[in-house]
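So this one's work-v5.csv, CSV, C-alpha atoms:
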```
chain,number,residue,atom,x,y,z
L,247,MET,CA,0.0,0.0,0.0
L,248,ASN,CA,1.2,3.5,-0.7
L,249,GLY,CA,-0.1,6.3,1.4
L,250,ASP,CA,2.5,8.9,0.3
L,251,ALA,CA,-0.2,11.1,-1.3
L,252,VAL,CA,-2.6,11.1,1.6
L,253,PRO,CA,-2.1,14.0,4.0
L,254,ASP,CA,-1.3,13.4,7.6
L,255,ALA,CA,-4.7,14.9,8.7
L,256,SER,CA,-6.7,12.4,6.8
L,257,LEU,CA,-4.5,9.5,7.9
L,258,TRP,CA,-4.7,10.6,11.5
L,259,LEU,CA,-8.5,10.8,11.5
L,260,GLU,CA,-8.6,7.3,10.1
L,261,ALA,CA,-6.1,6.1,12.6
L,262,VAL,CA,-8.1,7.6,15.5
L,263,ALA,CA,-11.1,5.8,14.1
L,264,GLY,CA,-9.1,2.5,14.4
L,265,THR,CA,-7.7,2.0,10.9
L,266,GLU,CA,-4.4,0.3,11.6
L,267,SER,CA,-3.0,0.8,8.1
L,268,ALA,CA,-3.3,4.6,8.4
L,269,PHE,CA,-1.4,4.5,11.7
L,270,ALA,CA,1.3,2.3,10.1
L,271,VAL,CA,1.7,4.8,7.2
L,272,LEU,CA,2.2,7.7,9.7
L,273,PHE,CA,4.7,5.6,11.6
L,274,ASP,CA,6.7,4.8,8.5
L,275,ARG,CA,6.4,8.4,7.3
L,276,HIS,CA,7.9,10.0,10.4
L,277,ARG,CA,9.8,7.4,12.3
L,278,ALA,CA,13.2,8.2,10.7
L,279,ARG,CA,13.0,11.9,11.6
L,280,ILE,CA,11.9,11.1,15.2
L,281,PHE,CA,14.7,8.6,15.5
L,282,ARG,CA,17.4,11.0,14.3
L,283,LYS,CA,16.2,13.6,16.7
L,284,ALA,CA,16.2,11.1,19.6
L,285,TYR,CA,19.6,9.8,18.7
L,286,SER,CA,21.1,13.2,18.4
L,287,ARG,CA,20.2,13.7,22.1
L,288,LEU,CA,20.7,10.2,23.5
L,289,ARG,CA,23.6,8.9,21.3
L,290,ASN,CA,22.3,5.4,21.7
L,291,VAL,CA,20.4,3.5,19.0
L,292,HIS,CA,18.5,1.2,21.4
L,293,ASP,CA,17.3,4.1,23.6
L,294,ALA,CA,16.5,6.2,20.5
L,295,GLU,CA,14.4,3.4,19.1
L,296,ASP,CA,12.6,3.1,22.4
L,297,VAL,CA,11.8,6.8,22.2
L,298,VAL,CA,10.4,6.3,18.7
L,299,ALA,CA,8.0,3.7,20.1
L,300,MET,CA,7.1,5.9,23.1
L,301,VAL,CA,6.4,8.9,20.8
L,302,PHE,CA,3.8,7.0,18.8
L,303,LEU,CA,2.4,5.2,21.9
L,304,GLU,CA,2.0,8.7,23.4
L,305,ALA,CA,0.3,10.0,20.2
L,306,TRP,CA,-2.2,7.2,20.5
L,307,ARG,CA,-2.7,7.6,24.2
L,308,SER,CA,-3.2,11.4,23.8
L,309,ARG,CA,-5.0,11.2,20.5
L,310,GLU,CA,-7.6,13.7,21.3
L,311,LYS,CA,-4.9,16.3,22.1
L,312,VAL,CA,-2.8,15.7,19.0
L,313,ARG,CA,-2.4,18.9,17.0
L,314,ILE,CA,-1.9,18.8,13.2
L,315,VAL,CA,-0.2,22.0,12.1
L,316,ASP,CA,-0.3,23.1,8.4
L,317,GLY,CA,-1.4,19.6,7.5
L,318,SER,CA,1.5,17.8,9.3
L,319,LEU,CA,1.6,15.6,12.4
L,320,LEU,CA,5.4,15.9,12.5
L,321,PRO,CA,5.7,19.2,14.6
L,322,TRP,CA,3.6,17.7,17.3
L,323,LEU,CA,5.5,14.4,17.2
L,324,LEU,CA,8.8,16.3,17.5
L,325,SER,CA,7.6,18.3,20.5
L,326,VAL,CA,6.7,15.0,22.2
L,327,THR,CA,10.2,13.6,21.2
L,328,THR,CA,11.8,16.6,22.9
L,329,TYR,CA,9.8,15.9,26.1
L,330,LEU,CA,10.5,12.2,26.1
L,331,THR,CA,14.3,12.5,25.4
L,332,LEU,CA,14.6,14.8,28.4
L,333,ASN,CA,12.3,12.7,30.6
L,334,SER,CA,13.0,9.2,29.1
L,335,ASP,CA,13.2,7.5,32.5
L,336,ARG,CA,9.7,8.7,33.6
L,337,ALA,CA,8.2,7.9,30.2
L,338,ALA,CA,9.9,4.5,30.1
L,339,ARG,CA,8.2,3.6,33.4
L,340,ARG,CA,4.8,4.2,31.8
L,341,TYR,CA,5.5,2.0,28.9
L,342,ARG,CA,7.9,-0.5,30.5
L,343,ARG,CA,5.6,-3.4,30.1
L,344,LEU,CA,5.1,-2.7,26.4
L,345,LEU,CA,8.8,-1.9,25.7
L,346,ALA,CA,9.8,-5.2,27.3
L,347,LYS,CA,8.1,-7.0,24.4
L,348,LEU,CA,10.5,-5.5,21.9
L,349,PRO,CA,13.6,-7.5,20.9
L,350,ILE,CA,16.9,-6.6,22.4
L,351,ALA,CA,19.0,-4.5,20.0
L,352,PRO,CA,22.1,-6.2,18.6
L,353,PRO,CA,25.5,-4.7,19.8
L,354,ALA,CA,26.3,-1.6,17.8
L,355,ASP,CA,29.1,-1.8,15.3
L,356,PRO,CA,32.4,-0.4,16.5
L,357,VAL,CA,32.7,3.3,15.8
L,358,PRO,CA,35.9,4.2,14.0
L,359,ASP,CA,36.2,7.7,15.3
L,360,VAL,CA,35.9,7.1,19.1
L,361,ASP,CA,37.2,10.6,20.0
L,362,ASN,CA,34.6,12.2,17.8
L,363,ARG,CA,31.9,10.0,19.2
L,364,LEU,CA,32.9,10.8,22.8
L,365,ASP,CA,33.0,14.5,21.9
L,366,LEU,CA,29.5,14.4,20.5
L,367,GLN,CA,28.3,12.4,23.5
L,368,GLU,CA,29.8,15.0,25.9
L,369,ARG,CA,28.2,17.8,23.9
L,370,ALA,CA,24.9,16.1,23.8
L,371,ASN,CA,25.0,15.6,27.6
L,372,MET,CA,26.0,19.2,28.3
L,373,LEU,CA,23.1,20.5,26.2
L,374,THR,CA,20.7,18.0,27.7
L,375,GLN,CA,21.6,19.2,31.1
L,376,ALA,CA,21.2,22.9,30.0
L,377,LEU,CA,17.8,22.2,28.4
L,378,ARG,CA,16.6,20.4,31.5
L,379,ARG,CA,16.9,23.7,33.4
L,380,LEU,CA,14.5,25.4,31.1
L,381,SER,CA,10.8,25.3,31.5
L,382,ALA,CA,8.9,22.7,29.4
L,383,VAL,CA,7.6,25.3,27.0
L,384,GLU,CA,11.0,26.9,26.6
L,385,ARG,CA,12.6,23.5,25.9
L,386,THR,CA,10.0,22.8,23.2
L,387,VAL,CA,10.4,26.2,21.6
L,388,VAL,CA,14.2,25.9,21.5
L,389,ASP,CA,14.1,22.4,20.2
L,390,LEU,CA,11.5,23.1,17.5
L,391,CYS,CA,12.7,26.5,16.4
L,392,LEU,CA,16.5,26.1,16.6
L,393,VAL,CA,17.1,22.4,16.1
L,394,GLU,CA,14.2,21.4,13.9
L,395,GLU,CA,14.1,24.8,12.2
L,396,LEU,CA,10.4,24.9,12.2
L,397,SER,CA,8.8,28.4,11.7
L,398,MET,CA,7.6,30.3,14.8
L,399,ALA,CA,4.1,30.1,13.3
L,400,THR,CA,4.3,26.3,13.2
L,401,VAL,CA,5.6,26.1,16.8
L,402,ALA,CA,2.8,28.5,17.9
L,403,GLY,CA,0.4,26.0,16.3
L,404,VAL,CA,1.8,23.1,18.1
L,405,LEU,CA,1.7,24.9,21.5
L,406,ASP,CA,-1.5,26.7,20.8
L,407,VAL,CA,0.0,30.1,21.8
L,408,PRO,CA,0.4,33.3,19.9
L,409,ILE,CA,3.5,33.8,17.8
L,410,GLY,CA,4.6,36.6,20.1
L,411,THR,CA,4.7,34.2,23.0
L,412,VAL,CA,7.0,31.9,21.0
L,413,LYS,CA,9.3,34.7,20.2
L,414,SER,CA,9.6,35.9,23.7
L,415,ARG,CA,10.0,32.4,25.1
L,416,LEU,CA,12.8,31.8,22.6
L,417,ASN,CA,14.6,35.0,23.5
L,418,GLY,CA,14.3,34.2,27.2
L,419,ALA,CA,15.5,30.6,26.7
L,420,ARG,CA,18.5,31.9,24.6
L,421,ARG,CA,19.6,34.2,27.4
L,422,LYS,CA,19.3,31.4,30.0
L,423,LEU,CA,21.2,28.9,27.8
L,424,ARG,CA,24.0,31.5,27.3
L,425,THR,CA,24.3,31.6,31.1
L,426,TYR,CA,24.1,27.8,31.6
L,427,LEU,CA,26.6,27.1,28.8
L,428,GLY,CA,29.1,29.7,29.8
L,429,GLU,CA,30.3,32.2,27.2
L,430,SER,CA,29.1,30.2,24.2
L,431,ASP,CA,25.7,30.6,22.6
L,432,ILE,CA,23.7,27.9,20.8
L,433,THR,CA,23.5,27.5,17.1
L,434,VAL,CA,22.3,25.0,14.6
L,435,ARG,CA,25.0,22.8,13.0
L,436,ARG,CA,22.4,21.0,10.9
L,437,ALA,CA,18.9,19.8,11.2
L,438,GLY,CA,18.5,17.6,14.3
L,439,GLU,CA,21.7,18.7,16.0
L,440,LEU,CA,22.2,21.5,18.5
L,441,SER,CA,25.6,22.9,19.1
L,442,SER,CA,27.1,24.9,21.9
L,443,GLU,CA,29.9,26.2,19.6
L,444,GLY,CA,29.8,29.5,17.8
L,445,ILE,CA,27.4,32.3,18.1
L,446,SER,CA,24.0,32.8,16.4
L,447,GLY,CA,21.3,35.4,16.5
J,133,MET,CA,35.5,12.0,11.1
J,134,ASN,CA,32.8,9.5,10.8
J,135,SER,CA,29.7,11.4,9.7
J,136,VAL,CA,27.5,8.3,9.1
J,137,GLU,CA,24.6,8.4,11.5
J,138,PRO,CA,23.0,5.1,12.5
J,139,GLU,CA,19.4,4.2,11.5
J,140,MET,CA,16.7,2.2,13.2
J,141,THR,CA,17.4,-1.5,13.0
J,142,PRO,CA,14.9,-3.3,10.7
J,143,GLU,CA,14.2,-5.9,13.3
J,144,ARG,CA,13.2,-3.5,16.0
J,145,THR,CA,11.4,-1.2,13.5
J,146,ASP,CA,9.1,-4.1,12.6
J,147,ALA,CA,8.7,-5.0,16.2
J,148,ILE,CA,7.7,-1.4,17.2
J,149,ARG,CA,5.3,-1.2,14.2
J,150,GLY,CA,3.7,-4.5,15.4
J,151,LEU,CA,3.5,-3.2,19.0
J,152,LEU,CA,1.8,0.0,17.9
J,153,LEU,CA,-0.8,-1.8,15.7
J,154,HIS,CA,-1.5,-4.3,18.5
J,155,THR,CA,-2.1,-1.4,20.8
J,156,LEU,CA,-4.6,0.0,18.3
J,157,ARG,CA,-6.3,-3.3,17.9
J,158,SER,CA,-6.7,-3.9,21.6
J,159,GLU,CA,-8.2,-0.5,22.3
J,160,PRO,CA,-11.6,-1.0,20.6
J,161,ALA,CA,-11.9,-4.3,22.4
J,162,ARG,CA,-11.5,-2.7,25.7
J,163,ARG,CA,-14.0,0.1,24.8
J,164,ILE,CA,-16.6,-2.4,23.6
J,165,GLN,CA,-16.2,-4.3,26.9
J,166,ARG,CA,-16.8,-1.1,28.8
J,167,GLN,CA,-19.8,-0.3,26.6
J,168,ARG,CA,-21.3,-3.8,27.2
J,169,ARG,CA,-21.1,-3.2,30.9
J,170,ARG,CA,-22.9,0.1,30.5
J,171,ILE,CA,-25.6,-1.6,28.5
J,172,VAL,CA,-26.3,-4.1,31.2
J,173,VAL,CA,-26.6,-1.4,33.8
J,174,SER,CA,-28.9,0.7,31.5
J,175,VAL,CA,-31.3,-2.2,30.8
J,176,ALA,CA,-31.6,-3.0,34.5
J,177,GLY,CA,-32.3,0.6,35.4
J,178,PHE,CA,-34.4,1.6,32.5
J,179,PHE,CA,-37.8,1.7,34.1
J,180,LEU,CA,-36.5,3.5,37.1
J,181,VAL,CA,-34.9,6.3,35.1
J,182,ALA,CA,-37.5,6.7,32.4
J,183,GLY,CA,-39.2,9.7,34.1
J,184,VAL,CA,-35.9,11.4,34.7
J,185,ALA,CA,-34.8,10.7,31.2
J,186,THR,CA,-37.7,12.7,29.8
J,187,THR,CA,-36.7,15.7,31.8
J,188,GLY,CA,-33.1,15.2,30.8
J,189,ALA,CA,-34.0,15.1,27.1
J,190,THR,CA,-35.7,18.5,27.5
J,191,VAL,CA,-32.5,20.0,28.9
J,192,LEU,CA,-30.4,18.2,26.3
J,193,LEU,CA,-32.3,19.6,23.3
J,194,GLN,CA,-32.1,23.2,24.3
J,195,GLU,CA,-30.0,25.3,22.0
J,196,LYS,CA,-26.4,25.8,23.1
J,197,SER,CA,-23.3,27.6,21.9
J,198,VAL,CA,-20.0,26.0,21.2
J,199,GLU,CA,-17.7,26.6,24.1
J,200,ASN,CA,-15.1,23.9,23.6
J,201,THR,CA,-13.1,24.5,20.4
J,202,ALA,CA,-10.4,22.0,21.3
J,203,ILE,CA,-12.0,19.3,19.2
J,204,VAL,CA,-14.6,18.9,16.5
J,205,HIS,CA,-16.7,15.8,15.8
J,206,CYS,CA,-17.6,15.1,12.2
J,207,TYR,CA,-20.5,12.6,12.1
J,208,SER,CA,-20.6,10.6,8.9
J,209,SER,CA,-24.2,9.2,9.5
J,210,THR,CA,-27.2,9.7,11.8
J,211,SER,CA,-27.6,6.0,12.1
J,212,ALA,CA,-26.0,4.6,15.2
J,213,ASP,CA,-23.7,1.6,15.0
J,214,ALA,CA,-24.6,-1.6,16.9
J,215,ASP,CA,-22.7,-0.4,19.9
J,216,GLY,CA,-24.9,2.8,20.1
J,217,THR,CA,-22.2,5.2,18.9
J,218,TYR,CA,-22.3,7.2,15.8
J,219,PRO,CA,-19.7,6.7,13.0
J,220,GLY,CA,-17.4,9.6,12.2
J,221,SER,CA,-14.1,11.2,13.1
J,222,SER,CA,-12.8,13.8,15.5
J,223,ALA,CA,-10.2,16.4,14.8
J,224,THR,CA,-8.2,19.1,16.3
J,225,ILE,CA,-6.5,21.3,13.7
J,226,ALA,CA,-4.3,24.2,14.3
J,227,ASP,CA,-3.6,26.9,11.7
J,228,SER,CA,-0.3,28.7,11.2
J,229,ASN,CA,-1.3,31.4,13.6
J,230,GLY,CA,-1.5,28.9,16.4
J,231,ARG,CA,-5.2,29.2,16.9
J,232,GLY,CA,-7.4,26.2,16.6
J,233,GLN,CA,-9.5,26.0,13.5
J,234,ALA,CA,-11.9,23.8,15.5
J,235,ARG,CA,-14.0,26.9,16.1
J,236,ASP,CA,-15.0,26.7,12.4
J,237,ALA,CA,-16.4,23.3,12.7
J,238,LEU,CA,-18.5,23.4,9.6
J,239,THR,CA,-15.4,24.3,7.4
J,240,LEU,CA,-13.4,21.5,8.9
J,241,CYS,CA,-16.0,18.8,8.5
J,242,THR,CA,-16.8,20.0,5.0
J,243,ALA,CA,-13.2,19.6,4.1
J,244,MET,CA,-13.2,16.1,5.4
J,245,TRP,CA,-16.3,15.3,3.3
J,246,GLU,CA,-14.7,16.8,0.3
J,247,GLN,CA,-11.6,14.7,0.7
J,248,GLY,CA,-13.8,11.6,0.9
J,249,VAL,CA,-12.6,10.8,4.4
J,250,LEU,CA,-16.2,10.4,5.8
J,251,ALA,CA,-17.5,8.5,2.8
J,252,ASP,CA,-18.2,4.8,2.8
J,253,GLY,CA,-15.4,2.7,1.4
J,254,PHE,CA,-12.7,5.4,2.0
J,255,GLU,CA,-9.3,3.7,2.0
J,256,PRO,CA,-6.8,6.0,3.8
J,257,THR,CA,-3.7,4.5,2.3
J,258,THR,CA,-4.8,4.7,-1.3
J,259,PRO,CA,-4.2,8.0,-3.2
J,260,ALA,CA,-6.9,7.1,-5.7
J,261,ASN,CA,-9.9,7.8,-3.5
J,262,GLU,CA,-12.8,9.6,-5.3
J,263,PRO,CA,-13.5,13.1,-4.1
J,264,GLY,CA,-16.3,13.0,-1.6
J,265,VAL,CA,-19.8,14.5,-2.0
J,266,VAL,CA,-20.6,17.0,0.7
J,267,PRO,CA,-24.2,16.5,2.1
J,268,GLU,CA,-26.2,19.2,3.9
J,269,LEU,CA,-24.5,19.6,7.3
J,270,GLN,CA,-25.8,21.0,10.6
J,271,VAL,CA,-23.8,22.1,13.5
J,272,CYS,CA,-24.9,20.6,16.9
J,273,VAL,CA,-23.3,20.9,20.3
J,274,MET,CA,-22.1,18.0,22.4
J,275,ARG,CA,-22.6,17.9,26.2
J,276,ASP,CA,-19.0,19.0,26.7
J,277,GLY,CA,-19.6,22.1,24.6
J,278,SER,CA,-17.7,20.9,21.6
J,279,ALA,CA,-19.2,21.1,18.1
J,280,ALA,CA,-20.5,18.1,16.2
J,281,VAL,CA,-21.3,18.5,12.5
J,282,VAL,CA,-24.0,16.1,11.5
J,283,PRO,CA,-25.3,15.3,8.0
J,284,GLY,CA,-28.9,16.5,7.7
J,285,GLU,CA,-31.1,19.1,6.0
J,286,SER,CA,-32.4,20.8,9.1
J,287,ALA,CA,-31.3,21.5,12.7
J,288,ASN,CA,-33.8,18.8,13.8
J,289,VAL,CA,-31.1,16.3,13.0
J,290,CYS,CA,-29.3,17.4,16.2
J,291,GLN,CA,-32.3,16.2,18.3
J,292,ILE,CA,-32.4,13.0,16.3
J,293,VAL,CA,-28.9,12.1,17.4
J,294,GLY,CA,-29.5,13.4,20.9
J,295,LEU,CA,-27.5,16.6,20.7
J,296,ALA,CA,-28.3,20.3,21.3
J,297,PRO,CA,-28.8,22.5,18.3
J,298,LEU,CA,-26.5,25.4,17.8
J,299,VAL,CA,-27.7,28.7,19.1
J,300,GLY,CA,-29.0,31.0,16.4
```

Could you spell out this file's structure in C-alpha cells?
Amino acid sequence: MNGDAVPDASLWLEAVAGTESAFAVLFDRHRARIFRKAYSRLRNVHDAEDVVAMVFLEAWRSREKVRIVDGSLLPWLLSVTTYLTLNSDRAARRYRRLLAKLPIAPPADPVPDVDNRLDLQERANMLTQALRRLSAVERTVVDLCLVEELSMATVAGVLDVPIGTVKSRLNGARRKLRTYLGESDITVRRAGELSSEGISG
Amino acid sequence: MNSVEPEMTPERTDAIRGLLLHTLRSEPARRIQRQRRRIVVSVAGFFLVAGVATTGATVLLQEKSVENTAIVHCYSSTSADADGTYPGSSATIADSNGRGQARDALTLCTAMWEQGVLADGFEPTTPANEPGVVPELQVCVMRDGSAAVVPGESANVCQIVGLAPLVG
C-alpha cells in the first residue's frame, strides 16, 4: 500500500477511528525523523528506538490532544520527542511493560572515530543538562525553532499560543542557555543537532 | 571524522510497528467491553430512570453555543452503530497562527467530506480515492460544549442524534 499522497490529517483521522494501516503509514512516514532527533540527544540506538516507540504510543494515548499543524503531524511528534528524550526514565516507566516486548537490539558496530563520538556524546549531555533547566515550554520552543528549524508560526500552532509568545520564550531561553553554557551561545549545525559552539542570533 | 549516522534496526522497527498496531487493535476491544457493561446497567435501570430521562432530554435539546473549540466531531451518519455510537471522526487542527480552527467546525468537516474521508469505502492509504460528495450539514453541540457536525437538512437532526442544536 502506498499512502504517500494522503495528507497526515486524513491518515490521523482514520487512525483515530481505528484504521491500523493509516497509523502504520504515519509511523513509517515520520519514524526516521523522530529517530534522528532522539539519537542526536541520546547517542544510543536502542534508547532512541525506544523513544520512537514511546512517541507513537503517546500519540495514540493522547490522540484527542494531538495537533496537526499546516497539515502535518510531525511538529507535534517532534515536540513529544523533545519531552521524552529529556524525561525518558519517567516515560519508560509508563511504557515499561510494552517496551519489554521489543527484541533486544544487537550490539552496535564499532565506531571508527571514538574521539569524535565521545565529543558528540559529551556535547549532547551538556546541552541536555542545560535544556533540562529550562521550562517545558522553553525547551519545546528551543528544540523546534532552533534544532528542527520549524517556523515560529508552526511552533505556535503546536503549542496553541500566539507567535509573540513563542518569540519571547525563545529569546528568554537563549539568554538562559548563554548563562548555563558559559560564554558560548547555541546555534544549529544542521537539522537535528544542536551545538554549543559558535554564536548565532 | 565519521559522519554516518545510525538508523533504526529493521528488526526493532518491525517490532515497534507491530507493537503499535497491536495497541490500536486492543483499544476498541476494551472500549466495547466497557460499553457492554454500560448496556447491562442501562437495561436494569431503564424503568427507574424513564421519568428522569424525559426531563433530561428536554434539557439536552435546548440550544447551546460552542464553548469547547479544542475538538470537532464530524459525524458521517445519523444511524447509530450496533454499539450505540455514531460513526465519524474527531479532529483538532491548528492553523499557522496557532489558533485552533476547531472553532470553524463546519469548514473543517466540509473539508473532510470533500476529501472523501467520511464516505463509505474510503481507503486512507490509497491515493486514488474519489472526491467526496458533501451533504447538507448541521452544527450541533455535544454535552462538553464541543461542536459536532451532522449530515442533515435541518437542525432537527441534532435532536435525532441526541445533541443540542447550535444557538442562532

**Request:** State, in Å with one decimal place, the distance from atom CA of Cys391 of chain L to atom CA of Thr331 of chain L.
**Result:** 16.7 Å

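The smallest atom-to-atom distance between Asn290 of chain L and any of L:Val393, L:Leu345, L:Ser256, L:Gln367, using only C-alpha atoms, is found for L:Gln367.
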
**Message:** When you count all atoms listed in the file, which of these residues is closest to chain J: L:Arg339, L:Lys413, L:Arg277, L:Arg385?
**Reply:**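 Among the listed residues, the smallest separation from chain J belongs to L:Arg277.
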
**Atomic distance atom CA of Val412 of chain L - atom CA of Leu390 of chain L, expressed in Å with one decimal** =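 Separation of atom CA of Val412 of chain L and atom CA of Leu390 of chain L: 10.5 Å.
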
**Prompt:** What does the distance between atom CA of Arg287 of chain L and atom CA of Arg340 of chain L come to in Å, to one decimal place?
**Reply:**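 Separation between atom CA of Arg287 of chain L and atom CA of Arg340 of chain L: 20.5 Å.
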
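Across L:Ser381, L:Ala376, L:Glu368, L:Thr400, the tightest approach to Ser286 of chain L is made by L:Glu368 when counting all atoms listed in the file.
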
For segment 278-285 of chain J, work out the shell of residues within 9 Å, counting only C-alpha atoms and skipping chain neighbours fewer than 6 positions away, then give it as a short mmCIF file (atom, residue, chain, number, x, y, z; two decimals) with C-alpha atoms, keeping the file's coordinate frame.
```
data_model
loop_
_atom_site.label_atom_id
_atom_site.label_comp_id
_atom_site.auth_asym_id
_atom_site.auth_seq_id
_atom_site.Cartn_x
_atom_site.Cartn_y
_atom_site.Cartn_z
CA SER J 197 -23.30 27.60 21.90
CA VAL J 198 -20.00 26.00 21.20
CA GLU J 199 -17.70 26.60 24.10
CA ASN J 200 -15.10 23.90 23.60
CA THR J 201 -13.10 24.50 20.40
CA ALA J 202 -10.40 22.00 21.30
CA ILE J 203 -12.00 19.30 19.20
CA VAL J 204 -14.60 18.90 16.50
CA HIS J 205 -16.70 15.80 15.80
CA CYS J 206 -17.60 15.10 12.20
CA TYR J 207 -20.50 12.60 12.10
CA SER J 208 -20.60 10.60 8.90
CA SER J 209 -24.20 9.20 9.50
CA THR J 210 -27.20 9.70 11.80
CA SER J 222 -12.80 13.80 15.50
CA ALA J 234 -11.90 23.80 15.50
CA ARG J 235 -14.00 26.90 16.10
CA ALA J 237 -16.40 23.30 12.70
CA LEU J 238 -18.50 23.40 9.60
CA CYS J 241 -16.00 18.80 8.50
CA THR J 242 -16.80 20.00 5.00
CA VAL J 266 -20.60 17.00 0.70
CA PRO J 267 -24.20 16.50 2.10
CA GLU J 268 -26.20 19.20 3.90
CA LEU J 269 -24.50 19.60 7.30
CA GLN J 270 -25.80 21.00 10.60
CA VAL J 271 -23.80 22.10 13.50
CA CYS J 272 -24.90 20.60 16.90
CA VAL J 293 -28.90 12.10 17.40
CA LEU J 295 -27.50 16.60 20.70
CA LEU J 298 -26.50 25.40 17.80
#
```

**Request:** Rank nothing, just name the residue among L:Glu260, L:Asp254, L:Asp293, L:Glu304 nearest to chain J, using only C-alpha atoms.
**Result:**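 Checking each of L:Glu260, L:Asp254, L:Asp293, L:Glu304 against chain J, counting only C-alpha atoms, the winner is L:Glu260.
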